[in-house]
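What follows is a single structure, written as structure tokens, with notes after it.
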Number of protein chains: 2
Amino acid sequence: MIKDSEKTKARLLAAATAEFAEFGIAGARIDRIAKVAETNKAMIYAYFGSKDELFDTVFSTHVGATLGRVDFDVSDLPSYAGRLFDWFEDDPAALRLSTWYRLERPTGVGLQAVVLINQVRLERLERAQREGALAKHFEPIQLLSLIQAIATSWATTNPELGVAATTDRNYRRQTVVDAVKRLLT
Amino acid sequence: MIKDSEKTKARLLAAATAEFAEFGIAGARIDRIAKVAETNKAMIYAYFGSKDELFDTVFSTHVGATLGRVDFDVSDLPSYAGRLFDWFEDDPAALRLSTWYRLERPTGVGLQAVVLINQVRLERLERAQREGALAKHFEPIQLLSLIQAIATSWATTNPELGVAATTDRNYRRQTVVDAVKRLLT
């Protein structure tokens, strides 16, 4: 049996995810989150601390943890880029949360979940290059930065261009996969 | 001789640019802008209308117009990507304003300045491909989207990765130029 407090927490996290994705950290309103989650502000502070801490929890669970679930295959980086594209397409809140995080926490301490994922991936790229399984013209950190940028390229372009291009998902996905292929050959 | 009203307007635009770059549209405070510009809120409303209209003016002049100044050379797109990288490096407010705009105006009507720049560039890419001066494996809209994403890749990556990589500007610039080269060959 799930305890009531766990249910309330889950409802609060879902409501906070939607609120932060739409309005960012500064723009989010604790009373709106409480209302949507059918509880009160005091419960939020009791469970999560401050609004900033609530954002950290949302971001760590929603973005940090989920990012780790997109299978990172060093032997087939174009396919990885395609999966990353799919992940951001299927969950637009994830990219919005990441972007607010970047804008509103530019000098903050890195989230441990994200630091760890980066570190593991850099090491795997390095090993693949050492073992000759991956071309060496880009260093691991360059590859990681470029692949992330390319996978989210359609979502981060100026809206005026995006509007002209958002209709065909397969077309956009293929662009991402092909671009990463060209980076590596 | 520059009229006092022009000087006040210029001070207001500078203050508004800094305020919107730091806090976004929802987060910006009209009274802070007025204070920094050494005037009062009533003058802002008289000159620019609402806070949203003030943002439009800031964005159009700062981003829309300036973007047009980065020389777009279809015969050397890697160099264009390098210049775009430089432009965003030299003026971090530009990328922040663009990103707030994307987050806070996702379904807004496109700014005329940006629509026009995109259109001209797409046409130039198309003509270069028709004339055989540019490889055709990517369509113009794919190229524009990919080049923009690559040029800003270091600035849009997750901060945890960015921190590890932000020290050497030449290294980051070369990554951008090399990546666009590989896209085109």
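Note on naming: chains are A, B, ... as they come in the structure tokens, residues start from 1 per chain, ligands start from 1 in the order shown.
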query: If we count only C-alpha atoms, which residues of chain B reach to within 9 Å of chain A? Please list them as number ranges by chain.
result: B: 22-24, 26-27, 96, 98-112, 114-115, 118-119, 138, 141-142, 144-150, 152-154, 156-165, 172, 175-176, 178-185
message: Which residues are close to region 40-52 of chain B, i.e. within 12 Å by only C-alpha atoms, leaving aside same-chain residues fewer than 5 positions away? Reply as an NGL selection string.
response: :B and (5-6 or 8-13 or 15-16 or 19-20 or 24-35 or 57-59 or 101 or 104-105 or 108)
Using only C-alpha atoms, please write the residues we just selected to a file, as a CSV table (one decimal), in the first residue's frame.
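The file below, out31.csv, is the result:
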```csv
chain,number,residue,atom,x,y,z
B,5,SER,CA,14.3,62.4,-25.1
B,6,GLU,CA,16.6,60.5,-27.4
B,8,THR,CA,16.6,58.9,-22.2
B,9,LYS,CA,15.3,56.4,-24.8
B,10,ALA,CA,18.9,55.1,-25.4
B,11,ARG,CA,19.5,54.8,-21.6
B,12,LEU,CA,16.2,52.9,-21.2
B,13,LEU,CA,17.0,50.5,-24.1
B,15,ALA,CA,19.0,49.2,-19.1
B,16,ALA,CA,16.1,47.1,-20.5
B,19,GLU,CA,17.4,43.5,-17.3
B,20,PHE,CA,15.7,41.3,-19.8
B,24,GLY,CA,13.7,37.2,-18.9
B,25,ILE,CA,10.4,38.8,-19.8
B,26,ALA,CA,8.3,37.6,-16.8
B,27,GLY,CA,11.2,38.2,-14.4
B,28,ALA,CA,12.2,41.7,-15.6
B,29,ARG,CA,11.0,44.6,-13.4
B,30,ILE,CA,10.0,47.9,-15.0
B,31,ASP,CA,11.0,49.8,-11.9
B,32,ARG,CA,14.5,48.4,-11.9
B,33,ILE,CA,14.9,49.4,-15.5
B,34,ALA,CA,13.6,52.9,-14.7
B,35,LYS,CA,16.0,53.3,-11.8
B,57,THR,CA,11.9,46.6,-29.1
B,58,VAL,CA,14.9,45.4,-27.2
B,59,PHE,CA,14.9,42.0,-29.0
B,101,TYR,CA,12.3,34.7,-26.2
B,104,GLU,CA,8.5,32.8,-23.1
B,105,ARG,CA,7.1,33.3,-26.5
B,108,GLY,CA,4.1,34.1,-30.5
```
- prompt: Which residues, written as number ranges by chain, have at least one atom at most 9 Å from region 129-136 of chain B, with only C-alpha atoms counted and residues fewer than 4 positions away on the same chain left out?
  reply: B: 74-75, 124-125, 140, 184-185
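Coordinates place CA of Asn170 (chain B) at a distance of 29.3 Å from CA of Leu67 (chain A).
Across the model, the gap from CA of Val63 (chain B) to CA of Asp91 (chain A) is 28.5 Å.
Taking CA of Ala128 (chain A) as the reference point, CA of Phe72 (chain A) is found at 12.4 Å.
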- request: List every residue of region 134-184 of chain B that DSSP, applied to the backbone of this structure, assigns to alpha helix (DSSP H), and report them as an NGL selection string.
  value: :B and (140-151 or 153-156 or 159-165 or 169-184)
task: Would you kindly return, as a list of chain:residue names, each protein, DNA or RNA residue with an atom no farther than 10 Å from any atom of Asp73 (chain A), considering only C-alpha atoms and excluding same-chain residues fewer than 4 positions away?
output: A:Leu77, A:Pro78, A:Ser79, A:Tyr80, A:Ala81, A:Arg121, A:Arg124, A:Leu125
